[in-house]
$ cat final_35.txt   # compact mmCIF, C-alpha atoms
# COMPACT_ATOMS: atom_id res chain seq x y z
CA MET A 1 -69.19 -4.26 11.83
CA VAL A 2 -66.19 -3.01 13.87
CA ALA A 3 -68.09 -0.34 15.82
CA PRO A 4 -70.81 -2.68 17.19
CA VAL A 5 -68.17 -5.28 18.09
CA VAL A 6 -66.06 -2.71 19.93
CA ALA A 7 -69.14 -1.45 21.72
CA VAL A 8 -69.95 -4.96 22.87
CA LEU A 9 -66.37 -5.53 24.01
CA MET A 10 -66.32 -2.23 25.86
CA SER A 11 -69.45 -3.17 27.68
CA GLY A 12 -67.81 -6.52 28.64
CA CYS A 13 -69.69 -8.26 31.33
CA PHE A 14 -71.07 -5.15 32.98
CA LEU A 15 -74.67 -5.59 31.74
CA LEU A 16 -77.27 -4.73 34.37
CA LYS A 17 -80.02 -7.15 35.33
CA ASP A 18 -83.61 -6.21 34.62
CA PRO A 19 -85.04 -5.14 38.02
CA GLY A 20 -88.41 -6.52 36.99
CA GLU A 21 -87.08 -10.10 36.83
CA LYS A 22 -88.14 -11.92 39.97
CA GLN A 23 -88.33 -15.56 39.01
CA GLY A 24 -85.22 -17.49 40.15
CA GLY A 25 -84.87 -19.51 36.93
CA GLU A 26 -85.06 -16.46 34.70
CA ALA A 27 -82.60 -14.56 36.93
CA GLY A 28 -80.09 -17.44 36.83
CA ALA A 29 -80.26 -17.66 33.04
CA SER A 30 -79.78 -13.91 32.71
CA ALA A 31 -76.77 -14.02 35.02
CA ALA A 32 -75.20 -16.80 32.95
CA VAL A 33 -75.52 -14.69 29.82
CA GLU A 34 -74.09 -11.65 31.57
CA ARG A 35 -71.00 -13.54 32.68
CA ARG A 36 -69.96 -14.43 29.12
CA ILE A 37 -67.12 -12.26 27.85
CA PRO A 38 -67.49 -11.01 24.27
CA VAL A 39 -64.48 -11.76 22.05
CA VAL A 40 -63.36 -11.50 18.43
CA LEU A 41 -61.46 -14.34 16.80
CA THR A 42 -58.84 -14.24 14.05
CA PRO A 43 -57.62 -17.33 12.19
CA VAL A 44 -53.94 -18.30 12.23
CA ALA A 45 -52.56 -17.52 8.79
CA ASN A 46 -49.41 -18.17 6.80
CA ARG A 47 -47.53 -14.92 6.30
CA ALA A 48 -44.15 -13.53 5.33
CA PHE A 49 -42.09 -12.35 8.29
CA GLU A 50 -39.10 -10.05 8.19
CA GLU A 51 -36.60 -9.16 10.88
CA ARG A 52 -35.65 -5.64 9.97
CA LEU A 53 -34.24 -2.40 11.27
CA VAL A 54 -35.69 0.94 10.17
CA VAL A 55 -33.42 3.97 10.16
CA GLN A 56 -33.23 7.33 8.45
CA GLY A 57 -30.51 8.23 6.01
CA ASN A 58 -29.57 10.67 3.28
CA VAL A 59 -29.66 10.50 -0.49
CA GLU A 60 -26.42 11.58 -2.13
CA ALA A 61 -25.05 11.52 -5.64
CA LYS A 62 -22.56 8.69 -6.01
CA ASN A 63 -20.49 10.58 -8.59
CA VAL A 64 -19.63 14.08 -7.41
CA ALA A 65 -16.93 16.48 -8.57
CA THR A 66 -16.03 19.71 -6.81
CA VAL A 67 -14.07 21.45 -9.56
CA GLY A 68 -11.43 23.95 -8.52
CA ALA A 69 -9.00 26.24 -10.30
CA ARG A 70 -5.78 24.66 -11.52
CA ILE A 71 -3.80 27.89 -11.61
CA PRO A 72 -3.93 30.95 -9.36
CA GLY A 73 -5.46 34.12 -10.72
CA THR A 74 -8.77 35.85 -11.33
CA VAL A 75 -11.87 34.05 -12.55
CA GLU A 76 -12.23 35.45 -16.03
CA ALA A 77 -15.53 33.78 -16.99
CA ILE A 78 -17.94 31.08 -15.81
CA PHE A 79 -19.78 29.40 -18.65
CA VAL A 80 -22.41 27.42 -16.70
CA ASP A 81 -25.19 28.15 -14.23
CA GLU A 82 -26.66 26.02 -11.46
CA GLY A 83 -28.92 23.36 -12.94
CA ASP A 84 -27.12 23.22 -16.29
CA PRO A 85 -26.33 19.72 -17.61
CA VAL A 86 -22.68 19.09 -18.47
CA VAL A 87 -20.81 16.46 -20.49
CA ALA A 88 -17.43 15.15 -19.40
CA GLY A 89 -14.56 16.56 -21.48
CA GLU A 90 -16.87 18.72 -23.61
CA THR A 91 -18.61 21.36 -21.50
CA LYS A 92 -16.49 24.40 -20.58
CA LEU A 93 -16.99 25.34 -16.95
CA PHE A 94 -14.84 28.43 -16.31
CA ALA A 95 -11.62 30.22 -17.29
CA VAL A 96 -8.92 31.77 -15.08
CA ASP A 97 -6.68 34.54 -16.56
CA ALA A 98 -6.78 32.91 -20.01
CA LEU A 99 -5.48 36.06 -21.82
CA LYS A 100 -2.60 36.51 -19.37
CA VAL A 101 -1.61 32.87 -19.71
CA GLN A 102 -1.81 33.11 -23.52
CA LYS A 103 0.65 36.03 -23.49
CA ALA A 104 2.96 34.11 -21.17
CA LEU A 105 2.87 31.21 -23.62
CA GLU A 106 3.93 33.48 -26.48
CA VAL A 107 6.87 34.75 -24.40
CA ARG A 108 7.96 31.17 -23.71
CA LYS A 109 7.78 30.34 -27.39
CA GLN A 110 10.07 33.29 -28.09
CA ASP A 111 12.46 32.06 -25.39
CA VAL A 112 12.65 28.70 -27.14
CA ALA A 113 13.36 30.36 -30.47
CA VAL A 114 16.16 32.44 -28.90
CA ALA A 115 17.63 29.34 -27.22
CA ARG A 116 17.65 27.47 -30.54
CA CYS A 117 19.43 30.35 -32.24
CA GLY A 118 21.96 30.52 -29.42
CA ARG A 119 22.59 26.80 -29.71
CA ARG A 120 23.19 27.06 -33.47
CA GLU A 121 25.60 29.97 -32.86
CA LYS A 122 27.57 27.93 -30.33
CA GLU A 123 27.68 24.92 -32.68
CA ALA A 124 29.01 27.17 -35.49
CA ASN A 125 31.64 28.56 -33.14
CA LEU A 126 32.64 24.99 -32.24
CA GLU A 127 33.12 24.15 -35.92
CA ARG A 128 35.39 27.22 -36.35
CA VAL A 129 37.44 26.34 -33.26
CA GLU A 130 37.77 22.72 -34.43
CA ALA A 131 39.16 23.99 -37.77
CA ASP A 132 41.62 26.23 -35.92
CA LEU A 133 42.64 23.32 -33.71
CA GLU A 134 43.23 21.09 -36.71
CA LYS A 135 45.43 23.79 -38.34
CA ALA A 136 47.33 24.41 -35.08
CA GLU A 137 48.03 20.70 -34.71
CA ILE A 138 49.38 20.49 -38.28
CA ASP A 139 51.56 23.56 -37.72
CA VAL A 140 53.07 22.28 -34.49
CA ARG A 141 53.92 18.93 -36.11
CA ARG A 142 55.59 20.70 -39.04
CA PHE A 143 57.62 23.04 -36.82
CA GLU A 144 58.75 20.09 -34.70
CA LYS A 145 60.13 18.46 -37.86
CA LEU A 146 61.72 21.71 -39.03
CA TYR A 147 63.29 22.19 -35.64
CA LYS A 148 64.86 18.74 -35.83
CA ASP A 149 66.25 19.71 -39.23
CA GLU A 150 67.51 22.95 -37.64
CA ALA A 151 65.41 24.93 -40.10
CA VAL A 152 63.62 27.01 -37.43
CA SER A 153 64.52 28.34 -34.02
CA ILE A 154 63.33 27.00 -30.70
CA ASP A 155 61.36 30.20 -30.20
CA ALA A 156 59.38 29.63 -33.40
CA LEU A 157 58.56 26.06 -32.30
CA GLU A 158 57.48 27.23 -28.85
CA GLN A 159 55.17 29.81 -30.41
CA GLN A 160 53.42 27.07 -32.45
CA GLN A 161 53.18 24.82 -29.39
CA SER A 162 51.62 27.67 -27.39
CA ARG A 163 49.15 28.39 -30.18
CA PHE A 164 48.18 24.69 -30.25
CA LYS A 165 47.55 24.65 -26.47
CA GLN A 166 45.45 27.84 -26.68
CA THR A 167 43.38 26.42 -29.53
CA THR A 168 42.87 23.19 -27.57
CA ALA A 169 41.56 25.23 -24.62
CA MET A 170 39.30 27.21 -26.95
CA HIS A 171 37.97 23.92 -28.29
CA LYS A 172 37.09 22.74 -24.79
CA HIS A 173 35.39 26.07 -24.15
CA ALA A 174 33.44 25.80 -27.38
CA LEU A 175 32.29 22.28 -26.43
CA THR A 176 31.12 23.62 -23.04
CA LEU A 177 29.21 26.42 -24.77
CA VAL A 178 27.46 23.88 -27.01
CA ASP A 179 26.43 21.87 -23.92
CA LEU A 180 25.27 25.08 -22.26
CA GLY A 181 23.23 25.99 -25.34
CA LEU A 182 21.59 22.54 -25.29
CA GLU A 183 20.65 22.90 -21.63
CA GLN A 184 19.33 26.42 -22.21
CA LEU A 185 17.17 25.06 -25.02
CA ARG A 186 15.88 22.26 -22.81
CA GLN A 187 15.12 24.77 -20.07
CA ALA A 188 13.22 27.00 -22.48
CA GLU A 189 11.28 24.02 -23.86
CA ALA A 190 10.36 22.93 -20.32
CA ALA A 191 9.12 26.44 -19.53
CA LEU A 192 7.13 26.34 -22.78
CA ALA A 193 5.55 23.02 -21.76
CA ILE A 194 4.57 24.55 -18.41
CA ALA A 195 3.09 27.57 -20.17
CA GLU A 196 1.14 25.29 -22.51
CA LYS A 197 -0.13 23.33 -19.50
CA ASP A 198 -1.09 26.58 -17.78
CA LEU A 199 -3.03 27.61 -20.88
CA SER A 200 -4.75 24.25 -20.93
CA ASP A 201 -5.53 24.58 -17.22
CA ALA A 202 -6.79 28.13 -17.60
CA THR A 203 -9.99 26.83 -19.23
CA VAL A 204 -11.52 24.01 -17.21
CA TYR A 205 -13.89 21.40 -18.67
CA ALA A 206 -16.36 19.16 -16.89
CA PRO A 207 -14.62 16.03 -15.48
CA ILE A 208 -17.87 14.00 -15.24
CA ASP A 209 -21.36 13.93 -16.74
CA GLY A 210 -24.00 15.48 -14.53
CA VAL A 211 -25.65 18.70 -13.46
CA VAL A 212 -24.11 21.83 -11.95
CA SER A 213 -25.42 21.87 -8.39
CA MET A 214 -23.51 24.88 -7.05
CA ARG A 215 -21.37 27.85 -8.07
CA PHE A 216 -18.90 28.99 -5.41
CA LEU A 217 -17.34 31.98 -7.22
CA GLU A 218 -18.34 34.61 -9.75
CA PRO A 219 -16.35 36.27 -12.57
CA GLY A 220 -13.81 38.79 -11.26
CA GLU A 221 -13.18 37.01 -7.98
CA PRO A 222 -9.63 35.85 -7.18
CA THR A 223 -8.92 32.15 -6.82
CA GLY A 224 -6.05 29.88 -5.90
CA VAL A 225 -5.03 26.41 -6.95
CA GLY A 226 -7.69 23.98 -5.74
CA THR A 227 -10.18 26.65 -4.70
CA PRO A 228 -13.67 25.29 -5.56
CA VAL A 229 -15.46 27.12 -8.34
CA VAL A 230 -18.36 24.80 -9.28
CA ARG A 231 -19.80 21.50 -8.05
CA ILE A 232 -21.15 18.80 -10.36
CA GLU A 233 -23.39 15.91 -9.31
CA ASP A 234 -24.52 12.98 -11.43
CA PRO A 235 -28.22 12.35 -10.59
CA SER A 236 -28.40 9.15 -12.65
CA VAL A 237 -26.70 7.15 -9.88
CA ALA A 238 -27.73 7.91 -6.29
CA GLU A 239 -26.29 6.55 -3.09
CA VAL A 240 -28.24 6.24 0.17
CA THR A 241 -26.16 6.44 3.34
CA ALA A 242 -27.22 5.64 6.90
CA PHE A 243 -25.69 4.83 10.27
CA LEU A 244 -26.66 1.63 12.09
CA PRO A 245 -26.14 0.71 15.77
CA ALA A 246 -22.89 -1.12 16.42
CA GLN A 247 -24.60 -4.35 17.56
CA TYR A 248 -25.69 -5.02 13.98
CA TYR A 249 -22.18 -4.76 12.51
CA ALA A 250 -21.54 -8.50 12.16
CA ARG A 251 -24.95 -9.08 10.56
CA ILE A 252 -24.38 -6.72 7.64
CA GLN A 253 -22.80 -8.42 4.63
CA PRO A 254 -22.15 -6.10 1.64
CA GLY A 255 -23.64 -7.56 -1.53
CA GLU A 256 -25.93 -9.89 0.44
CA THR A 257 -27.85 -7.89 3.04
CA GLN A 258 -30.90 -6.28 1.42
CA ALA A 259 -32.51 -2.93 2.23
CA ARG A 260 -35.72 -1.26 1.08
CA VAL A 261 -35.46 2.47 0.40
CA ARG A 262 -38.32 4.94 0.60
CA VAL A 263 -37.97 8.67 0.00
CA TYR A 264 -40.90 10.88 0.98
CA GLY A 265 -43.30 8.02 0.32
CA ILE A 266 -41.65 7.04 -2.96
CA ASP A 267 -40.67 3.37 -3.02
CA ALA A 268 -37.18 3.22 -4.52
CA GLY A 269 -37.08 -0.59 -4.33
CA VAL A 270 -34.96 -3.18 -2.55
CA HIS A 271 -31.19 -2.97 -3.03
CA PRO A 272 -28.18 -4.79 -1.62
CA VAL A 273 -25.94 -3.00 0.85
CA SER A 274 -22.98 -1.93 -1.27
CA TYR A 275 -20.68 -0.63 1.47
CA LYS A 276 -20.05 -1.20 5.17
CA ALA A 277 -17.62 1.02 7.07
CA PRO A 278 -14.45 -0.83 8.13
CA THR A 279 -14.80 0.49 11.70
CA VAL A 280 -17.41 1.59 14.23
CA LEU A 281 -17.44 5.23 15.30
CA ALA A 282 -16.18 5.10 18.87
CA LYS A 283 -18.14 8.09 20.19
CA LEU A 284 -21.48 7.29 18.57
CA ARG A 285 -21.21 3.47 18.49
CA THR A 286 -22.58 3.45 14.97
CA PHE A 287 -21.23 2.49 11.56
CA GLU A 288 -22.01 3.66 8.04
CA VAL A 289 -23.69 1.62 5.31
CA LYS A 290 -24.55 2.57 1.73
CA CYS A 291 -26.86 1.38 -1.04
CA VAL A 292 -26.48 2.34 -4.70
CA LEU A 293 -29.62 3.31 -6.65
CA GLU A 294 -29.24 3.06 -10.42
CA ASP A 295 -31.66 5.38 -12.28
CA PRO A 296 -33.58 6.37 -9.13
CA PRO A 297 -37.28 7.32 -9.47
CA GLU A 298 -38.24 10.93 -9.96
CA GLY A 299 -38.16 12.68 -6.62
CA VAL A 300 -35.28 10.61 -5.27
CA VAL A 301 -32.62 13.29 -5.52
CA PRO A 302 -29.45 14.21 -3.63
CA GLY A 303 -30.19 15.93 -0.34
CA ALA A 304 -33.46 14.09 0.33
CA ILE A 305 -34.13 12.14 3.54
CA ALA A 306 -34.58 8.41 3.05
CA GLU A 307 -36.22 5.72 5.16
CA ILE A 308 -34.14 2.56 5.03
CA GLN A 309 -35.43 -0.85 6.10
CA VAL A 310 -32.53 -3.24 6.52
CA PHE A 311 -33.60 -6.90 6.34
CA PHE A 312 -31.68 -9.34 8.51
CA GLU A 313 -33.92 -12.37 8.04
CA GLN A 314 -36.93 -13.16 5.85
CA ARG A 315 -39.09 -16.25 5.99
CA GLU A 316 -42.67 -17.48 5.82
CA GLY A 317 -44.54 -19.03 8.71
CA LEU A 318 -47.74 -19.16 10.72
CA GLY A 319 -48.66 -16.00 12.53
CA ILE A 320 -51.34 -14.12 14.43
CA PRO A 321 -51.91 -10.49 15.34
CA ALA A 322 -49.29 -9.54 17.92
CA ASP A 323 -51.94 -8.25 20.37
CA ALA A 324 -53.25 -11.78 20.77
CA VAL A 325 -50.09 -12.77 22.64
CA GLN A 326 -49.85 -11.90 26.35
CA VAL A 327 -47.22 -12.50 28.99
CA ARG A 328 -48.52 -14.12 32.16
CA ASN A 329 -46.26 -15.57 34.84
CA ASP A 330 -43.28 -14.81 32.59
CA LYS A 331 -44.74 -16.99 29.85
CA LYS A 332 -46.22 -16.05 26.52
CA ILE A 333 -49.79 -17.27 26.06
CA LEU A 334 -52.79 -16.88 23.78
CA PHE A 335 -56.44 -17.94 24.00
CA LEU A 336 -58.44 -20.29 21.81
CA VAL A 337 -62.19 -20.91 22.11
CA GLU A 338 -63.44 -24.42 22.75
CA LYS A 339 -67.19 -24.97 23.34
CA ASP A 340 -67.81 -21.33 24.22
CA ARG A 341 -64.98 -21.29 26.75
CA ALA A 342 -61.53 -19.72 26.61
CA GLN A 343 -58.65 -22.14 26.43
CA MET A 344 -55.25 -20.72 27.40
CA MET A 345 -52.25 -22.04 25.43
CA PRO A 346 -48.54 -21.30 25.94
CA VAL A 347 -46.72 -20.30 22.74
CA GLU A 348 -43.29 -19.45 21.43
CA THR A 349 -42.98 -16.51 19.11
CA GLY A 350 -40.50 -15.34 16.51
CA ILE A 351 -40.31 -12.32 14.23
CA GLU A 352 -42.91 -9.56 14.45
CA THR A 353 -43.81 -7.82 11.20
CA ASP A 354 -46.50 -5.22 10.50
CA GLY A 355 -48.47 -6.06 13.64
CA TRP A 356 -48.31 -9.85 13.15
CA ILE A 357 -46.08 -12.16 15.14
CA GLU A 358 -44.64 -15.48 14.07
CA LEU A 359 -45.67 -18.66 15.93
CA LEU A 360 -42.91 -21.18 16.58
CA GLY A 361 -42.83 -24.70 17.97
CA GLY A 362 -46.13 -25.95 16.51
CA GLY A 363 -49.26 -26.63 18.57
CA VAL A 364 -51.43 -24.26 16.53
CA ASP A 365 -52.39 -25.09 12.97
CA GLU A 366 -53.25 -22.79 10.11
CA GLY A 367 -56.87 -21.70 10.21
CA VAL A 368 -57.30 -22.19 13.96
CA ARG A 369 -59.03 -19.14 15.39
CA VAL A 370 -57.46 -17.31 18.33
CA VAL A 371 -58.84 -14.50 20.45
CA THR A 372 -57.63 -11.12 19.23
CA MET A 373 -60.11 -8.82 21.01
CA GLY A 374 -61.28 -9.28 24.58
CA GLN A 375 -58.32 -11.48 25.50
CA TYR A 376 -57.17 -9.28 28.37
CA LEU A 377 -60.39 -10.08 30.27
CA LEU A 378 -59.97 -13.83 29.93
CA ASP A 379 -58.65 -16.58 32.14
CA ASP A 380 -58.40 -20.23 31.30
CA GLY A 381 -61.97 -21.60 31.13
CA SER A 382 -63.70 -18.20 31.04
CA PRO A 383 -67.11 -18.39 29.27
CA VAL A 384 -67.11 -16.34 26.08
CA SER A 385 -69.45 -15.22 23.36
CA VAL A 386 -68.01 -14.74 19.86
CA HIS A 387 -68.88 -11.45 18.25
CA GLY A 388 -67.21 -11.66 14.88
CA GLU A 389 -63.96 -12.49 13.19
CA GLY A 390 -60.99 -10.20 12.68
CA ALA A 391 -58.98 -9.86 9.53
$ encode --input "final_35.txt" --output "structure tokens"
Amino acid sequence: MVAPVVAVLMSGCFLLKDPGEKQGGEAGASAAVERRIPVVLTPVANRAFEERLVVQGNVEAKNVATVGARIPGTVEAIFVDEGDPVVAGETKLFAVDALKVQKALEVRKQDVAVARCGRREKEANLERVEADLEKAEIDVRRFEKLYKDEAVSIDALEQQQSRFKQTTAMHKHALTLVDLGLEQLRQAEAALAIAEKDLSDATVYAPIDGVVSMRFLEPGEPTGVGTPVVRIEDPSVAEVTAFLPAQYYARIQPGETQARVRVYGIDAGVHPVSYKAPTVLAKLRTFEVKCVLEDPPEGVVPGAIAEIQVFFEQREGLGIPADAVQVRNDKKILFLVEKDRAQMMPVETGIETDGWIELLGGGVDEGVRVVTMGQYLLDDGSPVSVHGEGA
């Protein structure tokens, strides 16, 4: 049906007269037929219209962990390969100098044991000095009484007083040694705690559920604190990111603005915008938006390119194919057909979606047929011949 109609429209009104026609009446009738412009009509229909912006973006994993070494050293072993699934807190990823750290831990445990023994020795010494001090105090009191009774000499009393002062000083020293022993024990216990933490950090477990997407190092390679060793991505929750022109910033409302996501022809559904950047990039005049995809379809994986249709407004209304609308004398018009003649009508239009444009302001009812092929050859009142109806 389409090919014959197009052929007729292409021929337009350029049909040649039969040179054998000589009668005036027959020639006039033929000319009238030749002057009619073939057109195709399409009825005005109620449709859904969407104001939207289509951009490209990237699919990323929402939950990502780049796992690095927690202590400096040599990578002793890596227990996972790229593509391996991992479970948070259960799957061992890699070990750094585990044997060396284990030996260091044993040394620290011995240091704690030595510090405890030293503390007990200093406490025992304090007890002995306290006994000596108690005896020296008793002796000096007794000699003071004997001296008053003139039973001993002043020299004997002074010797006891000197012994008491020396024992008092020894007592203070013994107390200081006990405090020192306590601090040495605390220091050794702190070093032990660090060694235990180092041993715990030597073997690293997965921090999140997911899949190993990359290995940065291999066994035997040196590493420092924070140097990446493996990367884990959780494919169960994807995030689509895109950058929109700055003029749309005020129209994006996280949690309300909807966006359809397609990835290589796979329809990932309509999702609300979950994030809008707090600022516009000054150099590019764009801003970032994100949508979260829970349990994305197969094929929607991190690294893929996504087509994102951001919807600003959605409504239903009367519409016609957009090609039916022309601009003449700075006004939008379309053509109807009334009694085999074109009737030009000014119109106001709204949103254009999938080749159809919304009609605003009334004047054209649903079901009214408008010219959608041949309209560029028409003027108001042009004779027409209808050659079918468009979809």
$ atom_distance --input "final_35.txt" --atom1 "CA of Pro321 in chain A" --atom2 "CA of Glu338 in chain A"
19.5 Å
$ closest_residue --input "final_35.txt" --among "A:Val371, A:Leu192, A:Leu182, A:Glu134" --to "Lys165 in chain A" --atoms "all atoms listed in the file"
A:Glu134
$ residues_near_point --input "final_35.txt" --point "(-27.2, 10.0, -9.2)" --cutoff "10 Å" --atoms "all atoms listed in the file" --output "VMD selection string"
chain A and resid 59 to 64 210 to 211 233 to 239 292 to 296 300 to 302
$ residues_around --input "final_35.txt" --residues "range 374-391 of chain A" --least-positions-apart "3" --cutoff "6 Å" --atoms "all atoms listed in the file" --output "PyMOL selection string"
chain A and resi 36-42+340-344+371
$ residues_around --input "final_35.txt" --residues "Val67 in chain A" --least-positions-apart "5" --cutoff "7 Å" --atoms "all atoms listed in the file" --output "list in words"
Pro228, Val229, Val230 and Arg231 of chain A
$ write_last_selection --input "final_35.txt" --atoms "C-alpha atoms" --output "compact mmCIF listing (two decimals), keeping the file's coordinate frame"
# COMPACT_ATOMS: atom_id res chain seq x y z
CA PRO A 228 -13.67 25.29 -5.56
CA VAL A 229 -15.46 27.12 -8.34
CA VAL A 230 -18.36 24.80 -9.28
CA ARG A 231 -19.80 21.50 -8.05
$ closest_residue --input "final_35.txt" --among "A:Glu218, A:Glu298, A:Glu316, A:Glu127" --to "Leu93 in chain A" --atoms "all atoms listed in the file"
A:Glu218
$ residues_around --input "final_35.txt" --residues "His171 in chain A" --least-positions-apart "5" --cutoff "12 Å" --atoms "all atoms listed in the file" --output "PyMOL selection string"
chain A and resi 122-134+136+164-166+176-178
$ residues_around --input "final_35.txt" --residues "Ala156 in chain A" --least-positions-apart "2" --cutoff "12 Å" --atoms "all atoms listed in the file" --output "PyMOL selection string"
chain A and resi 139-140+142-144+146-147+150-154+158-163
$ closest_residue --input "final_35.txt" --among "A:Pro245, A:Gln110, A:Arg47, A:Ala268" --to "Ala282 in chain A" --atoms "all atoms listed in the file"
A:Pro245
$ atom_distance --input "final_35.txt" --atom1 "CA of Lys283 in chain A" --atom2 "CA of Ile252 in chain A"
20.4 Å
$ atom_distance --input "final_35.txt" --atom1 "CA of Val325 in chain A" --atom2 "CA of Gly355 in chain A"
11.3 Å
$ closest_residue --input "final_35.txt" --among "A:Phe79, A:Asp149, A:Gly363, A:Leu199" --to "Lys100 in chain A" --atoms "all atoms listed in the file"
A:Leu199
$ residues_near_point --input "final_35.txt" --point "(2.2, 30.3, -23.0)" --cutoff "7 Å" --atoms "all atoms listed in the file" --output "list in words"
Val101, Gln102, Lys103, Ala104, Leu105, Glu106, Val107, Arg108, Leu192, Ala195, Glu196 and Leu199 of chain A
$ residues_around --input "final_35.txt" --residues "Lys92 in chain A" --least-positions-apart "2" --cutoff "12 Å" --atoms "only C-alpha atoms" --output "ChimeraX atom specification"
/A:67,77-81,84-90,94-96,200-208,212,230
$ closest_residue --input "final_35.txt" --among "A:Thr91, A:Lys109, A:Asp330, A:Tyr249" --to "Asp209 in chain A" --atoms "only C-alpha atoms"
A:Thr91
$ closest_residue --input "final_35.txt" --among "A:Val55, A:Ile266, A:Val273, A:Leu175" --to "Gly299 in chain A" --atoms "only C-alpha atoms"
A:Ile266
$ axis_aligned_box --input "final_35.txt" --around "range 138-149 of chain A" --padding-each-side "4 Å" --output "AutoDock Vina command-line options"
--center_x 57.8 --center_y 21.0 --center_z -36.9 --size_x 24.9 --size_y 13.1 --size_z 12.7
$ decode --input "final_35.txt" --residues "range 142-154 of chain A" --atoms "C-alpha atoms" --output "compact mmCIF listing (two decimals), in the first residue's frame"
# COMPACT_ATOMS: atom_id res chain seq x y z
CA ARG A 142 64.44 2.69 120.92
CA PHE A 143 67.84 4.39 120.70
CA GLU A 144 66.21 7.79 121.16
CA LYS A 145 64.69 6.52 124.42
CA LEU A 146 67.96 4.92 125.51
CA TYR A 147 69.80 8.13 124.76
CA LYS A 148 67.41 10.07 126.98
CA ASP A 149 68.12 7.54 129.72
CA GLU A 150 71.84 8.03 129.02
CA ALA A 151 72.14 4.33 128.23
CA VAL A 152 73.77 4.85 124.81
CA SER A 153 76.07 7.42 123.29
CA ILE A 154 75.10 10.12 120.84
